[in-house]
Structure formats: C-alpha cells, structure tokens
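S.K.: Sharing a structure with you now.
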Amino acid sequence: MALEIVSVKMFFFPFVGGGHQIPMIDTARVFASHGATSTIIATPSHALNFQKLVTRDQNSGIPITIHTLPAEIPDTTDVTAGPFIDTTVLLQPLKTFLLSHPPDCIVIDMFHRWAGDVVDELQIPRIVFTGNGCFPRCVQENIRKYVDVESMSSDYEPFVVPNLPHKVELTKSQLPIFARNPSKFPDIMKKFEDKSFATIINSFYELEPEYADYTRKELGKKAWIVGPVSLCNRSVEDKTQRGKSSTIDEQGCLKWLNSKEPHSVIYVSFGSLVRLPPKQLMEIAYGLEASGKSFVWVVGKIRKSEKNKEEEEEDDDEERWLPEGFEERMKESNRGMIVRGWAPQLLILEHGAIGGFVTHCGWNSTLEGVCAGVPMVTWPLTAEQFSNEKLVTDVLRIGVQVGSREWLRFGEEWKEVVGREKVEIAVKKLMEESEEAAEMRVRVKKIAECGRRAVEQGGTSYQDVDALIRELKQRKVNGHV
Ligand code: UDP
C-alpha cells in the first residue's frame with residue numbers, strides 16, 4: 001500500500017506542570033501540522049490552558065483535537081505543579097479511552113510514571129517524552145555509568161564528566177539527589193524510556209550535534225529530534241496564550257519595550273515551578289538596581305519559609321520581598337517592569353529590546369532564549385538545570401554563570417542565597433559593551449538561525465517529524481506493535 005494514503009492517529013498525554021505540558025502541546029501541534037491526526041488527552045480543567053491554541057489550529061484546517069478524561073487532579077490547573085504530583089486518578093479513564101479508540105501510537109510524558117504499563121498491556125506503541133535535550137541526558141547517563149559519586153568526599157570539588165566530546169565539569173552539590181545516591185534511587189525513568197519504542201526530543205540537531213549522535217549511537221536511543229517546538233507559535237495570540245493567559249497587558253508591555261534601545265533590557269524569569277524565597281528576591285532586586293540596566297522581571301509564586309509560614313503570608317501583602325521604595329524608583333526612572341504571575345515569555349524574549357535573559361536553565365527556557373538569539377545569565381536550581389547551564393556557558397559559550405552551587409530538591413528549604421553582587425556582576429558582564437559580550441551575541445544569533453531553519457521544510461527537525469510519521473505508517477501497514 002502506498003504510505004501517502006495511510007493515515008496516522010497519534011495521541012499525546014502531557015503532564016500537568018508547565019515545563020512539560022507546554023512543549024508537549026506544541027509537539028502535538030507540530031505533528032498535526034505535518035498531517036498526523038493528533039489528539040491531546042487531558043482533564044477538563046487542564047484542557048482550558050490550551051483550548052484556544054487548538055481551536056485556532058482547527059480553524060486553519062489542522063487535524064488536532066482535545067479529548068477530556070472524566071477526572072480532575074486537584075490544585076494543578078495553574079501549571080505550577082511539581083513533578084511528583086500523583087496522576088494515577090487518570091489511569092482508569094485513560095485505559096477506557098484507549099480500549100475504545102486505540103491509536104497508532106501514544107506519546108507519554110515520563111512523569112505519568114504508571115502509564116507505561118497500562119499502554120504496554122494494551123499493546124499500543126508508545127513514545128516517551130522527557131522534556132529535556134540530548135546534552136543533559138548524555139551528562140546524566142555518563143555520570144551514572146562512569147562516576148562513583150557516592151564515594152566522593154567533597155561536595156564542591158569539581159569533577160570532569162567522562163567520555164563526553166567537551167570538557168564538562170560539575171560538582172556533587174550540583175547533581176540531583178538520585179544521581180548522588182544511585183544505589184538508593186533505582187532509575188525508574190530510564191526503565192520507562194527503555195521500554196518505549198522511541199523518544200521524542202524537543203531540540204534541534206545543530207544545537208548539540210555531538211550529543212544528538214551520542215544519544216542515538218552510544219546510548220542506543222531511537223530519538224526523534226523535532227524542535228524547537230515553541231517555534232510553532234507564530235501569532236501574537238499563540239505567544240500570549242501559551243501555558244496560561246498572561247497576567248499583564250501584553251500591549252502595554254510591548255509599548256514599554258518599544259520605548260527601549262535594542263538589546264538594552266534584561267529579562268528575568270525562573271520558569272513555571274520554582275518559588276524563590278523573599279530573601280533571594282531581595283538580592284535580585286538590589287542586584288538589578290545596582291546593574292543600572294533596564295529589566296522585565298517575572299516574579300511568580302513566592303516561597304514561604306517553613307518556619308515562618310504564617311508570618312510571611314502576611315508579608316506577601318506588604319511586598320516585603322522588595323527593597324524599600326524599589327518599585328517606585330523603577331517606575332519613576334522607567335527602568336524596570338515587574339510581572340506578578342505569568343508573562344508572555346516568547347513574545348518578550350523575541351522583542352528587539354531584549355539583550356539578555358537571566359534564566360534558571362529549564363530546558364524550554366534555555367531553548368527559547370537560544371531561539372530568540374539572546375545570551376543568558378545562567379542560574380540553575382534543580383532538575384537537570386546544572387547540565388543545561390554547562391551547555392550554555394561551556395559548550396555553546398553564549399552565557400555567563402551567576403554562580404549557583406546547590407541543587408535543590410523540589411520544595412526543599414532554600415540552602416544558599418546568591419548575593420546581590422553576583423547578580424550585578426553577571427548582568428553587567430552580559431549587558432555592557434565588551435568583546436566577550438559581542439561574541440556571545442554573534443554566536444547565539446547564529447544558533448538561533450539554525451533553530452529556525454531546522455523546523456522549516458527540509459530542515460533537520462522537519463525531516464525527523466516526517467520520518468517518524470512515515471515509520472508509524474509503515475508499522476501500521478506491517479501490523480507491528
Ligand atoms: N513560561 C511562560 N511565562 C512565565 C513562566 C514560564 O511562558 O511567566 C513558560 C516558558 O516560556 C517555558 C515554560 O513556561 O516554555 C517553562 O519551562 P522551563 O523548562 O523553562 O522551566 P520549568 O517551568 O519546567 O522549571
């Protein structure tokens with residue numbers, strides 16, 4: 001049978017947290033735009049987060065739908081939910097749906113830890129989505145394979161990650177808790193991934209060619225590299241309604257940015273999950289003020305201290321996380337914009353006035369910074385962010401490190417505050433004119449261009465999407481599971 005006439009039905013089952021849900025929705029939209037009949041499976045309240053994007057695609061004739069499961073996961077709809085939220089309430093509804101509507105393949109986020117078994121039992125081909133790139137997974141895998149972390153005596157003595165194409169140094173204190181104690185934490189995620197027939201990676205070959213090859217050849221993963229998926233958001237509406245609707249008037253924000261010189265504003269954001277404590281926010285404010293640079297600073301939810309929960313709850317109202325008179329000074333001098341809540345990150349990053357990005361190095365933010373051609377101040381905190389930092393500063397050489405040293409367990413009490421001087425120095429290094437800063441800017445713009453080309457017709461990611469669809473068609477024709 002000619003493969004062109006075979007249709008492919010793909011399901012996408014995103015997780016509830018922003019850094020995983022947002023790119024999976026983009027991925028479903030990308031596959032639908034290449035002709036795969038795509039269905040996003042979600043709870044009714046989560047579906048509201050991306051309904052508008054999907055409706056717009058449908059109106060353009062793209063074959064994408066949302067299927068809502070008759071269940072809810074309480075307290076997760078604002079996409080700030082962490083990776084350990086229990087989603088097993090969706091198990092039975094998912095199973096029922098899959099039994100009555102078996103797809104040709106389902107893409108599952110790895111944080112639905114239980115879903116692999118359910119899907120395998122129904123003999124549906126599954127693809128895992130881990131949300132990260134090739135580089136961090138190579139780093140993680142080689143540490144797991146070759147480094148005896150448990151017997152390291154020092155938390156802060158750097159070690160070189162063996163067998164990688166570049167010299168990558170980390171310290172024990174920057175490793176996730178499961179990598180520090182591998183004997184206590186069996187690698188559940190790896191098992192989940194190993195039993196899938198392939199992996200979809202939101203990256204592009206030209207960003208990390210050695211690591212894409214390494215992932216495919218050395219780690220033996222069948223990996224489809226299909227990003228940057230955020231580039232499927234082309235209209236202003238798509239960019240402002242991605243994840244959640246923004247809590248600021250985007251026109252006002254754009255007008256403010258329009259009034260600024262090119263590359264003169266630094267954008268500061270720590271993603272969808274992390275909550276910074278007041279003492280850290282205070283240092284950022286002082287550091288930004290001392291840098292003398294204009295900024296857009298997104299302050300999401302604020303972390304309450306375990307000891308002082310009630311007291312700090314009251315403090316919240318009084319804005320005790322900002323220095324006295326800070327906001328008034330920034331308003332008067334027209335220097336800074338503070339966004340409380342959710343910002344249209346893509347829209348802001350792509351604005352010509354933005355010249356730098358202080359980021360926690362979540363994989364999506366890292367990619368989005370790269371695609372916007374913006375150098376970064378790297379401030380990793382948790383997950384695989386310390387590896388992402390090394391990619392930005394040591395491999396791609398498009399950023400400077402703020403100097404964060406401690407990997408934080410999700411929800412754990414803050415160990416170490418990065419002081420205002422470090423913030424000031426890093427921001428100035430990136431934003432003041434110097435040969436080093438100019439070179440970083442040139443390098444990141446070149447990579448951004450490669451990212452754009454990768455998703456255009458004939459580009460590497462474009463071809464990978466088509467190749468996966470073709471493989472699914474072939475499997476269908478051959479009757480494979
Ligand atoms: N994001 C956004 N506005 C915000 C905060 C986050 O649009 O105010 C988006 C951001 O563009 C990115 C995602 O949320 O796509 C965050 O993912 P990332 O991997 O960077 O970090 P995480 O939230 O997983 O820590």
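Quick note on naming: the chains in the structure tokens go A, B, ... in the order shown, residues restart at 1 in each chain, and ligands are numbered from 1 in order of appearance.
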If you run DSSP on the backbone here, which positions in segment 316-412 of chain A get alpha helix (DSSP H)? Please write them as a ChimeraX atom specification.
M.R.: /A:316-318,326-332,345-349,363-371,385-390
S.K.: Just asking: which residues within segment 247-427 of chain A are strand (DSSP E or B) according to DSSP, as number ranges by chain?
M.R.: A: 265-269, 276, 294-299, 302, 336-340, 354-359, 376-378, 399-401
S.K.: So which residues touch Val119 of chain A within 10 Å, counting only C-alpha atoms, skipping near sequence neighbours fewer than 2 positions away, as a PyMOL selection string?
M.R.: chain A and resi 94-95+98-99+102+105-106+108+114-117+121-126
S.K.: Using the selection just defined, write its residues with N, CA, C and O atoms as a CSV table (one decimal), in the first residue's frame.
M.R.:
chain,number,residue,atom,x,y,z
A,94,LEU,N,-8.1,6.7,31.3
A,94,LEU,CA,-7.2,6.6,30.1
A,94,LEU,C,-7.4,5.3,29.5
A,94,LEU,O,-7.5,5.1,28.3
A,95,LYS,N,-7.4,4.3,30.3
A,95,LYS,CA,-7.5,2.9,29.8
A,95,LYS,C,-8.8,2.7,29.0
A,95,LYS,O,-8.8,2.1,27.9
A,98,LEU,N,-8.5,4.4,25.7
A,98,LEU,CA,-7.6,3.7,24.8
A,98,LEU,C,-8.2,2.4,24.2
A,98,LEU,O,-8.0,2.1,23.1
A,99,LEU,N,-9.0,1.7,25.1
A,99,LEU,CA,-9.6,0.5,24.7
A,99,LEU,C,-10.6,0.8,23.6
A,99,LEU,O,-10.7,0.0,22.6
A,102,PRO,N,-8.2,2.8,20.1
A,102,PRO,CA,-6.7,2.6,20.0
A,102,PRO,C,-6.0,3.4,19.0
A,102,PRO,O,-6.5,3.4,17.8
A,105,CYS,N,-0.1,5.3,18.0
A,105,CYS,CA,1.0,5.5,18.9
A,105,CYS,C,0.5,6.5,19.9
A,105,CYS,O,-0.3,7.4,19.7
A,106,ILE,N,1.1,6.4,21.1
A,106,ILE,CA,0.8,7.4,22.1
A,106,ILE,C,2.1,8.0,22.7
A,106,ILE,O,3.0,7.2,23.0
A,108,ILE,N,3.8,9.8,25.7
A,108,ILE,CA,3.5,9.9,27.1
A,108,ILE,C,4.6,10.7,27.8
A,108,ILE,O,5.8,10.4,27.6
A,114,TRP,N,3.1,5.7,35.8
A,114,TRP,CA,2.2,4.5,35.8
A,114,TRP,C,1.8,4.1,34.4
A,114,TRP,O,1.3,3.0,34.1
A,115,ALA,N,1.8,5.1,33.5
A,115,ALA,CA,1.1,5.0,32.2
A,115,ALA,C,1.8,4.0,31.3
A,115,ALA,O,1.1,3.4,30.4
A,116,GLY,N,3.1,3.8,31.4
A,116,GLY,CA,3.8,2.9,30.5
A,116,GLY,C,3.2,1.5,30.6
A,116,GLY,O,2.9,0.9,29.6
A,117,ASP,N,3.0,1.0,31.8
A,117,ASP,CA,2.4,-0.4,32.0
A,117,ASP,C,1.0,-0.5,31.4
A,117,ASP,O,0.7,-1.5,30.7
A,121,GLU,N,0.2,-3.0,28.2
A,121,GLU,CA,-0.8,-4.0,28.4
A,121,GLU,C,-1.8,-4.0,27.2
A,121,GLU,O,-2.2,-5.1,26.8
A,122,LEU,N,-2.0,-2.8,26.7
A,122,LEU,CA,-3.0,-2.7,25.6
A,122,LEU,C,-2.3,-2.9,24.2
A,122,LEU,O,-2.9,-2.7,23.2
A,123,GLN,N,-1.0,-3.1,24.3
A,123,GLN,CA,-0.1,-3.3,23.1
A,123,GLN,C,-0.2,-2.1,22.1
A,123,GLN,O,-0.4,-2.3,20.9
A,124,ILE,N,-0.2,-0.9,22.7
A,124,ILE,CA,-0.2,0.3,21.9
A,124,ILE,C,1.3,0.8,21.8
A,124,ILE,O,1.9,0.9,22.9
A,125,PRO,N,1.8,1.1,20.6
A,125,PRO,CA,3.2,1.6,20.6
A,125,PRO,C,3.3,2.9,21.4
A,125,PRO,O,2.4,3.8,21.2
A,126,ARG,N,4.3,3.0,22.2
A,126,ARG,CA,4.4,4.3,23.0
A,126,ARG,C,5.8,4.9,22.8
A,126,ARG,O,6.8,4.3,22.6
S.K.: Could you please determine the separation between atom CA of Arg335 of chain A and atom CA of Gly292 of chain A in Å, to one decimal place?
M.R.: 8.4 Å
S.K.: Could you list, as number ranges by chain, all the residues within 9 Å of ligand 1, counting only C-alpha atoms and all ligand atoms?
M.R.: A: 17-23, 79-80, 82, 131-132, 230, 239-247, 269-274, 298-300, 339-347, 359-368, 382-383, 385
S.K.: For Phe204 of chain A, which residue out of A:Glu250, A:Glu384, A:Asp238, A:Glu456 is the nearest one, using only C-alpha atoms?
M.R.: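 Nearest to Phe204 of chain A: A:Glu456.
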